[in-house]
file protein25.tsv (TSV, C-alpha atoms)
chain	number	residue	atom	x	y	z
A	16	ARG	CA	90.77	2.99	275.59
A	17	ARG	CA	88.40	2.00	278.40
A	18	ILE	CA	87.73	4.68	281.03
A	19	SER	CA	88.65	3.55	284.53
A	20	TYR	CA	85.63	2.87	286.74
A	21	HIS	CA	83.22	4.32	284.18
A	22	PRO	CA	80.36	1.87	284.97
A	23	ILE	CA	80.81	2.44	288.72
A	24	LEU	CA	80.74	6.22	288.33
A	25	GLU	CA	77.54	5.91	286.27
A	26	MET	CA	76.02	3.79	289.05
A	27	LEU	CA	76.89	6.50	291.59
A	28	LYS	CA	75.35	9.23	289.44
A	29	ASN	CA	72.20	7.15	288.93
A	30	GLY	CA	72.05	6.46	292.65
A	31	ILE	CA	72.20	10.18	293.43
A	32	ALA	CA	69.47	10.86	290.88
A	33	LEU	CA	67.21	8.17	292.37
A	34	TYR	CA	67.91	8.37	296.10
A	35	GLY	CA	69.63	11.70	296.65
A	36	ALA	CA	73.14	12.43	297.90
A	37	ALA	CA	72.38	12.65	301.64
A	38	GLU	CA	73.87	9.21	302.44
A	39	LEU	CA	76.96	9.91	300.36
A	40	GLU	CA	77.52	13.26	302.04
A	41	ARG	CA	77.81	11.47	305.38
A	42	LEU	CA	80.93	9.66	304.17
A	43	PRO	CA	84.36	10.93	305.26
A	44	ALA	CA	85.65	13.96	303.38
A	45	ALA	CA	88.62	11.96	302.08
A	46	VAL	CA	86.26	9.43	300.44
A	47	LEU	CA	84.26	12.16	298.72
A	48	ARG	CA	87.47	13.81	297.56
A	49	ASP	CA	88.68	10.56	296.00
A	50	ILE	CA	85.38	10.15	294.14
A	51	ASN	CA	85.56	13.73	292.87
A	52	LEU	CA	89.09	13.11	291.64
A	53	LEU	CA	87.68	10.50	289.28
A	54	SER	CA	84.52	12.33	288.25
A	55	PRO	CA	82.94	15.41	289.83
A	56	VAL	CA	79.52	14.53	291.25
A	57	SER	CA	78.84	17.85	292.98
A	58	PHE	CA	79.13	17.08	296.67
A	59	PRO	CA	78.68	20.21	298.79
A	60	GLY	CA	81.91	21.53	300.17
A	61	GLN	CA	84.10	19.38	297.95
A	62	ALA	CA	86.48	21.16	295.62
A	63	VAL	CA	86.95	19.56	292.22
A	64	GLU	CA	90.55	18.55	291.62
A	65	THR	CA	92.30	17.28	288.53
A	66	LYS	CA	93.00	13.57	288.36
A	67	PRO	CA	96.71	12.78	287.87
A	68	GLU	CA	97.61	11.15	284.59
A	69	ALA	CA	99.50	8.35	286.31
A	70	ALA	CA	98.31	6.84	289.57
A	71	SER	CA	100.38	4.78	291.98
A	72	SER	CA	99.18	1.37	293.10
A	73	PHE	CA	98.34	2.93	296.47
A	74	ALA	CA	96.24	5.65	294.82
A	75	ARG	CA	94.48	2.99	292.74
A	76	GLU	CA	93.63	0.99	295.85
A	77	GLN	CA	92.45	4.15	297.57
A	78	SER	CA	90.18	5.03	294.64
A	79	MET	CA	88.76	1.52	294.65
A	80	PHE	CA	88.08	1.67	298.38
A	81	SER	CA	86.37	5.06	298.13
A	82	LEU	CA	84.17	4.07	295.21
A	83	ALA	CA	83.15	0.91	297.05
A	84	ARG	CA	82.23	3.03	300.08
A	85	GLY	CA	80.22	5.27	297.80
A	86	LEU	CA	78.27	2.37	296.29
A	87	LYS	CA	77.51	0.95	299.72
A	88	ALA	CA	76.28	4.29	301.08
A	89	TRP	CA	72.65	3.39	300.28
A	90	SER	CA	72.81	-0.10	301.81
A	91	ASP	CA	73.25	-1.77	305.19
A	92	ARG	CA	72.82	-5.19	306.79
A	93	GLU	CA	69.06	-5.01	306.33
A	94	THR	CA	69.26	-3.45	302.83
A	95	PRO	CA	71.65	-5.46	300.62
A	96	LEU	CA	73.45	-3.82	297.71
A	97	LEU	CA	72.41	-5.01	294.24
A	98	VAL	CA	74.94	-4.28	291.48
A	99	PHE	CA	74.07	-5.09	287.85
A	100	LEU	CA	76.75	-4.78	285.18
A	101	ASP	CA	75.66	-5.52	281.61
A	102	ASP	CA	78.09	-6.22	278.73
A	103	ALA	CA	81.00	-6.70	281.11
A	104	GLN	CA	83.24	-7.62	278.15
A	105	TRP	CA	83.68	-3.87	277.61
A	106	ALA	CA	84.43	-3.08	281.27
A	107	ASP	CA	87.85	-1.83	282.35
A	108	ASP	CA	90.06	-3.90	284.64
A	109	GLU	CA	89.62	-1.44	287.51
A	110	THR	CA	85.84	-1.89	287.49
A	111	LEU	CA	86.14	-5.69	287.57
A	112	ASP	CA	88.69	-5.49	290.39
A	113	LEU	CA	86.33	-3.24	292.32
A	114	LEU	CA	83.49	-5.74	291.92
A	115	SER	CA	85.79	-8.44	293.27
A	116	THR	CA	86.50	-6.19	296.26
A	117	LEU	CA	82.77	-5.69	296.85
A	118	ARG	CA	82.21	-9.43	296.68
A	119	GLU	CA	84.94	-10.18	299.21
A	120	ASP	CA	84.02	-7.37	301.61
A	121	GLY	CA	81.58	-8.72	304.17
A	122	ASP	CA	80.44	-5.54	305.91
A	123	VAL	CA	77.36	-5.20	303.64
A	124	PRO	CA	75.57	-8.02	301.76
A	125	VAL	CA	76.21	-7.63	298.03
A	126	PHE	CA	74.35	-9.29	295.16
A	127	LEU	CA	76.26	-9.06	291.87
A	128	ILE	CA	74.65	-9.71	288.48
A	129	VAL	CA	77.14	-9.63	285.61
A	130	THR	CA	76.46	-10.42	281.96
A	131	HIS	CA	79.13	-10.73	279.29
A	132	ARG	CA	79.70	-12.04	275.79
A	133	PRO	CA	83.04	-13.42	274.53
A	134	GLU	CA	82.33	-12.87	270.83
A	135	PRO	CA	83.36	-9.19	270.41
A	136	LEU	CA	86.77	-9.73	272.04
A	137	ALA	CA	90.05	-10.93	270.68
A	138	LEU	CA	91.13	-14.30	272.05
A	139	ALA	CA	93.63	-12.84	274.53
A	140	ASP	CA	91.10	-10.31	275.82
A	141	ALA	CA	88.42	-12.99	276.09
A	142	ARG	CA	90.72	-15.20	278.20
A	143	ARG	CA	91.63	-12.24	280.42
A	144	MET	CA	87.96	-11.37	280.84
A	145	ASP	CA	87.00	-14.95	281.65
A	146	ALA	CA	89.71	-15.09	284.32
A	147	ARG	CA	88.56	-11.85	285.97
A	148	ILE	CA	84.85	-12.64	285.81
A	149	GLY	CA	85.61	-16.12	287.10
A	150	LYS	CA	86.62	-14.50	290.39
A	151	LEU	CA	83.07	-13.13	290.71
A	152	ASP	CA	81.35	-16.38	289.81
A	153	ASP	CA	79.32	-18.19	292.44
A	154	PHE	CA	76.61	-19.24	290.00
A	155	SER	CA	76.55	-18.84	286.24
A	156	ILE	CA	74.01	-19.42	283.48
A	157	ALA	CA	75.17	-19.91	279.90
A	158	LEU	CA	72.64	-18.57	277.41
A	159	ASN	CA	73.18	-20.36	274.12
A	160	PRO	CA	71.83	-19.10	270.78
A	161	LEU	CA	68.40	-20.28	269.71
A	162	THR	CA	68.21	-23.19	267.29
A	163	ARG	CA	66.63	-22.81	263.85
A	164	ARG	CA	63.39	-24.36	265.14
A	165	GLU	CA	63.35	-22.16	268.25
A	166	THR	CA	63.87	-19.05	266.12
A	167	VAL	CA	60.88	-19.93	263.93
A	168	GLU	CA	58.74	-20.64	267.00
A	169	LEU	CA	59.79	-17.38	268.67
A	170	ILE	CA	58.70	-15.40	265.60
A	171	ARG	CA	55.40	-17.29	265.46
A	172	ARG	CA	54.60	-16.47	269.09
A	173	MET	CA	55.75	-12.86	268.85
A	174	GLY	CA	53.68	-12.37	265.71
A	175	GLY	CA	50.51	-14.03	267.04
A	176	MET	CA	50.48	-16.41	264.07
A	177	SER	CA	48.64	-19.73	263.99
A	178	GLU	CA	51.32	-21.37	261.83
A	179	ALA	CA	55.06	-21.08	262.02
A	180	PRO	CA	56.53	-18.87	259.24
A	181	ARG	CA	59.20	-21.44	258.41
A	182	GLU	CA	60.85	-19.89	255.35
A	183	PHE	CA	60.81	-16.40	256.85
A	184	GLY	CA	62.03	-17.68	260.22
A	185	GLU	CA	64.90	-19.59	258.62
A	186	ARG	CA	66.02	-16.45	256.80
A	187	ILE	CA	66.03	-14.53	260.07
A	188	TYR	CA	67.96	-17.38	261.69
A	189	ALA	CA	70.56	-17.33	258.92
A	190	GLU	CA	71.09	-13.59	259.41
A	191	THR	CA	71.18	-13.61	263.22
A	192	GLU	CA	72.63	-17.06	264.01
A	193	GLY	CA	69.93	-17.44	266.65
A	194	ASN	CA	70.99	-14.48	268.80
A	195	PRO	CA	67.71	-13.34	270.48
A	196	LEU	CA	68.79	-9.68	270.57
A	197	PHE	CA	69.68	-9.69	266.88
A	198	ILE	CA	66.40	-11.45	266.06
A	199	VAL	CA	64.34	-8.78	267.82
A	200	GLU	CA	66.36	-5.94	266.28
A	201	SER	CA	66.03	-7.48	262.80
A	202	LEU	CA	62.27	-7.73	263.22
A	203	LYS	CA	62.08	-4.12	264.40
A	204	GLY	CA	64.01	-3.09	261.32
A	205	LEU	CA	61.56	-4.93	259.06
A	206	PHE	CA	58.67	-3.08	260.70
A	207	ASP	CA	60.50	0.24	260.28
A	208	THR	CA	61.01	-0.39	256.55
A	209	GLY	CA	57.44	-1.59	255.97
A	210	HIS	CA	58.36	-5.19	255.22
A	211	LEU	CA	56.31	-6.29	258.24
A	212	SER	CA	53.04	-4.91	259.59
A	213	THR	CA	50.11	-6.03	261.72
A	214	ASN	CA	46.62	-6.91	260.49
A	215	ALA	CA	43.27	-6.11	262.09
A	216	GLU	CA	43.65	-9.06	264.48
A	217	GLY	CA	47.11	-7.90	265.56
A	218	ALA	CA	48.98	-10.71	263.79
A	219	TRP	CA	52.06	-9.98	261.72
A	220	THR	CA	51.89	-9.96	257.94
A	221	ALA	CA	54.55	-9.50	255.28
A	222	SER	CA	54.10	-6.72	252.73
A	223	VAL	CA	53.37	-7.88	249.18
A	224	GLU	CA	54.63	-4.56	247.76
A	225	LYS	CA	57.89	-4.90	249.69
A	226	PRO	CA	59.04	-8.50	249.53
A	227	LEU	CA	61.88	-9.41	251.86
A	228	GLY	CA	65.25	-8.71	250.32
A	229	SER	CA	64.04	-5.71	248.33
call {"tool": "encode", "arguments": {"input": "protein25.tsv", "output": "structure tokens"}}
result
Amino acid sequence: RRISYHPILEMLKNGIALYGAAELERLPAAVLRDINLLSPVSFPGQAVETKPEAASSFAREQSMFSLARGLKAWSDRETPLLVFLDDAQWADDETLDLLSTLREDGDVPVFLIVTHRPEPLALADARRMDARIGKLDDFSIALNPLTRRETVELIRRMGGMSEAPREFGERIYAETEGNPLFIVESLKGLFDTGHLSTNAEGAWTASVEKPLGS
């Protein structure tokens, strides 16, 4: 089960760690109380209460409003709010609704960057996610997997090689389907196991003692 507002609460905690809690502490006591109901963040003078198991629609809207106020505490007209949410396919509905609220609220300029992947989700969840993220979309960039040729060329450049390692690159492509993250992680794993190393010039070399697949 996804935890309501978990990414937003993490953003607040990171904001306190980076910028301090002074701006948050200037917010109304009711706003700080609502935030503490969701996750205690140690505001002076705020008692920690237990969050009810079931929340009414009014309480949900109130929580959303208070968290939005908390996020905007460090911003103003001259200092826009930048919110970055990675892997939004795992986000809870409340978090996505809150981002929609931030986008529609015009009191502080907000720049939203959201990344998501449809692959890990069931079809119904993927359609639901697309519909919710579509509400946030002013401009989108689709990042397609690398082709077989692009995968080989990426490995050549990363490895500082003069010639493309075609057979090796095609094997990596077959295992990763051209996903850049999976390519990099696969290469890291080969270094960890000793299948790959670097020579005196810094170029990658494959181990003769440990052929790939062993």
call {"tool": "closest_atom_pairs", "arguments": {"input": "protein25.tsv", "of": "region 25-48 of chain A", "to": "region 82-94 of chain A", "cutoff": "7 Å", "atoms": "all atoms listed in the file", "output": "JSON lines"}}
result
{"residue": "A:Leu27", "atom": "CA", "partner": "A:Leu86", "partner_atom": "CA", "distance": 6.4}
{"residue": "A:Glu38", "atom": "CA", "partner": "A:Ala88", "partner_atom": "CA", "distance": 5.6}
{"residue": "A:Leu39", "atom": "CA", "partner": "A:Ala88", "partner_atom": "CA", "distance": 5.7}
call {"tool": "closest_residue", "arguments": {"input": "protein25.tsv", "among": "A:Leu52, A:Gly193, A:Trp105, A:Ile23", "to": "Leu117 (chain A)", "atoms": "all atoms listed in the file"}}
result
A:Ile23
call {"tool": "residues_near_point", "arguments": {"input": "protein25.tsv", "point": "(88.6, -2.1, 288.4)", "cutoff": "10 Å", "atoms": "only C-alpha atoms", "output": "list in words"}}
result
Ser19, Tyr20, His21, Pro22, Ile23, Arg75, Glu76, Ser78, Met79, Ala106, Asp107, Asp108, Glu109, Thr110, Leu111, Asp112, Leu113, Leu114, Ser115 and Thr116 of chain A
call {"tool": "axis_aligned_box", "arguments": {"input": "protein25.tsv", "around": "region 103-112 of chain A", "padding_each_side": "6 Å", "output": "lines of an AutoDock Vina configuration file"}}
result
center_x = 85.5
center_y = -4.5
center_z = 284.0
size_x = 21.1
size_y = 18.2
size_z = 24.8
call {"tool": "atom_distance", "arguments": {"input": "protein25.tsv", "atom1": "CA of Trp219 (chain A)", "atom2": "CA of Ile198 (chain A)"}}
result
15.1 Å
call {"tool": "residues_around", "arguments": {"input": "protein25.tsv", "residues": "Asp101 (chain A)", "least_positions_apart": "2", "cutoff": "6 Å", "atoms": "only C-alpha atoms", "output": "PDB file with C-alpha atoms, keeping the file's coordinate frame"}}
result
ATOM      1  CA  ALA A 103      81.000  -6.700 281.110  1.00  0.00           C
ATOM      2  CA  VAL A 129      77.140  -9.630 285.610  1.00  0.00           C
ATOM      3  CA  THR A 130      76.460 -10.420 281.960  1.00  0.00           C
TER       4      THR A 130
END
call {"tool": "closest_residue", "arguments": {"input": "protein25.tsv", "among": "A:Asn214, A:Gln77, A:Ser72, A:Asn29", "to": "Ala45 (chain A)", "atoms": "all atoms listed in the file"}}
result
A:Gln77
call {"tool": "atom_distance", "arguments": {"input": "protein25.tsv", "atom1": "CA of Ile31 (chain A)", "atom2": "CA of Ile50 (chain A)"}}
result
13.2 Å
call {"tool": "atom_distance", "arguments": {"input": "protein25.tsv", "atom1": "CA of Thr220 (chain A)", "atom2": "CA of Asn159 (chain A)"}}
result
28.7 Å
call {"tool": "residues_around", "arguments": {"input": "protein25.tsv", "residues": "Gly184 (chain A)", "least_positions_apart": "4", "cutoff": "9 Å", "atoms": "only C-alpha atoms", "output": "mmCIF file with C-alpha atoms, keeping the file's coordinate frame"}}
result
data_model
loop_
_atom_site.group_PDB
_atom_site.id
_atom_site.type_symbol
_atom_site.label_atom_id
_atom_site.label_comp_id
_atom_site.auth_asym_id
_atom_site.auth_seq_id
_atom_site.Cartn_x
_atom_site.Cartn_y
_atom_site.Cartn_z
ATOM 1 C CA ARG A 163 66.630 -22.810 263.850
ATOM 2 C CA ARG A 164 63.390 -24.360 265.140
ATOM 3 C CA THR A 166 63.870 -19.050 266.120
ATOM 4 C CA VAL A 167 60.880 -19.930 263.930
ATOM 5 C CA GLU A 168 58.740 -20.640 267.000
ATOM 6 C CA LEU A 169 59.790 -17.380 268.670
ATOM 7 C CA ILE A 170 58.700 -15.400 265.600
ATOM 8 C CA ARG A 171 55.400 -17.290 265.460
ATOM 9 C CA ALA A 179 55.060 -21.080 262.020
ATOM 10 C CA PRO A 180 56.530 -18.870 259.240
ATOM 11 C CA TYR A 188 67.960 -17.380 261.690
ATOM 12 C CA ALA A 189 70.560 -17.330 258.920
#
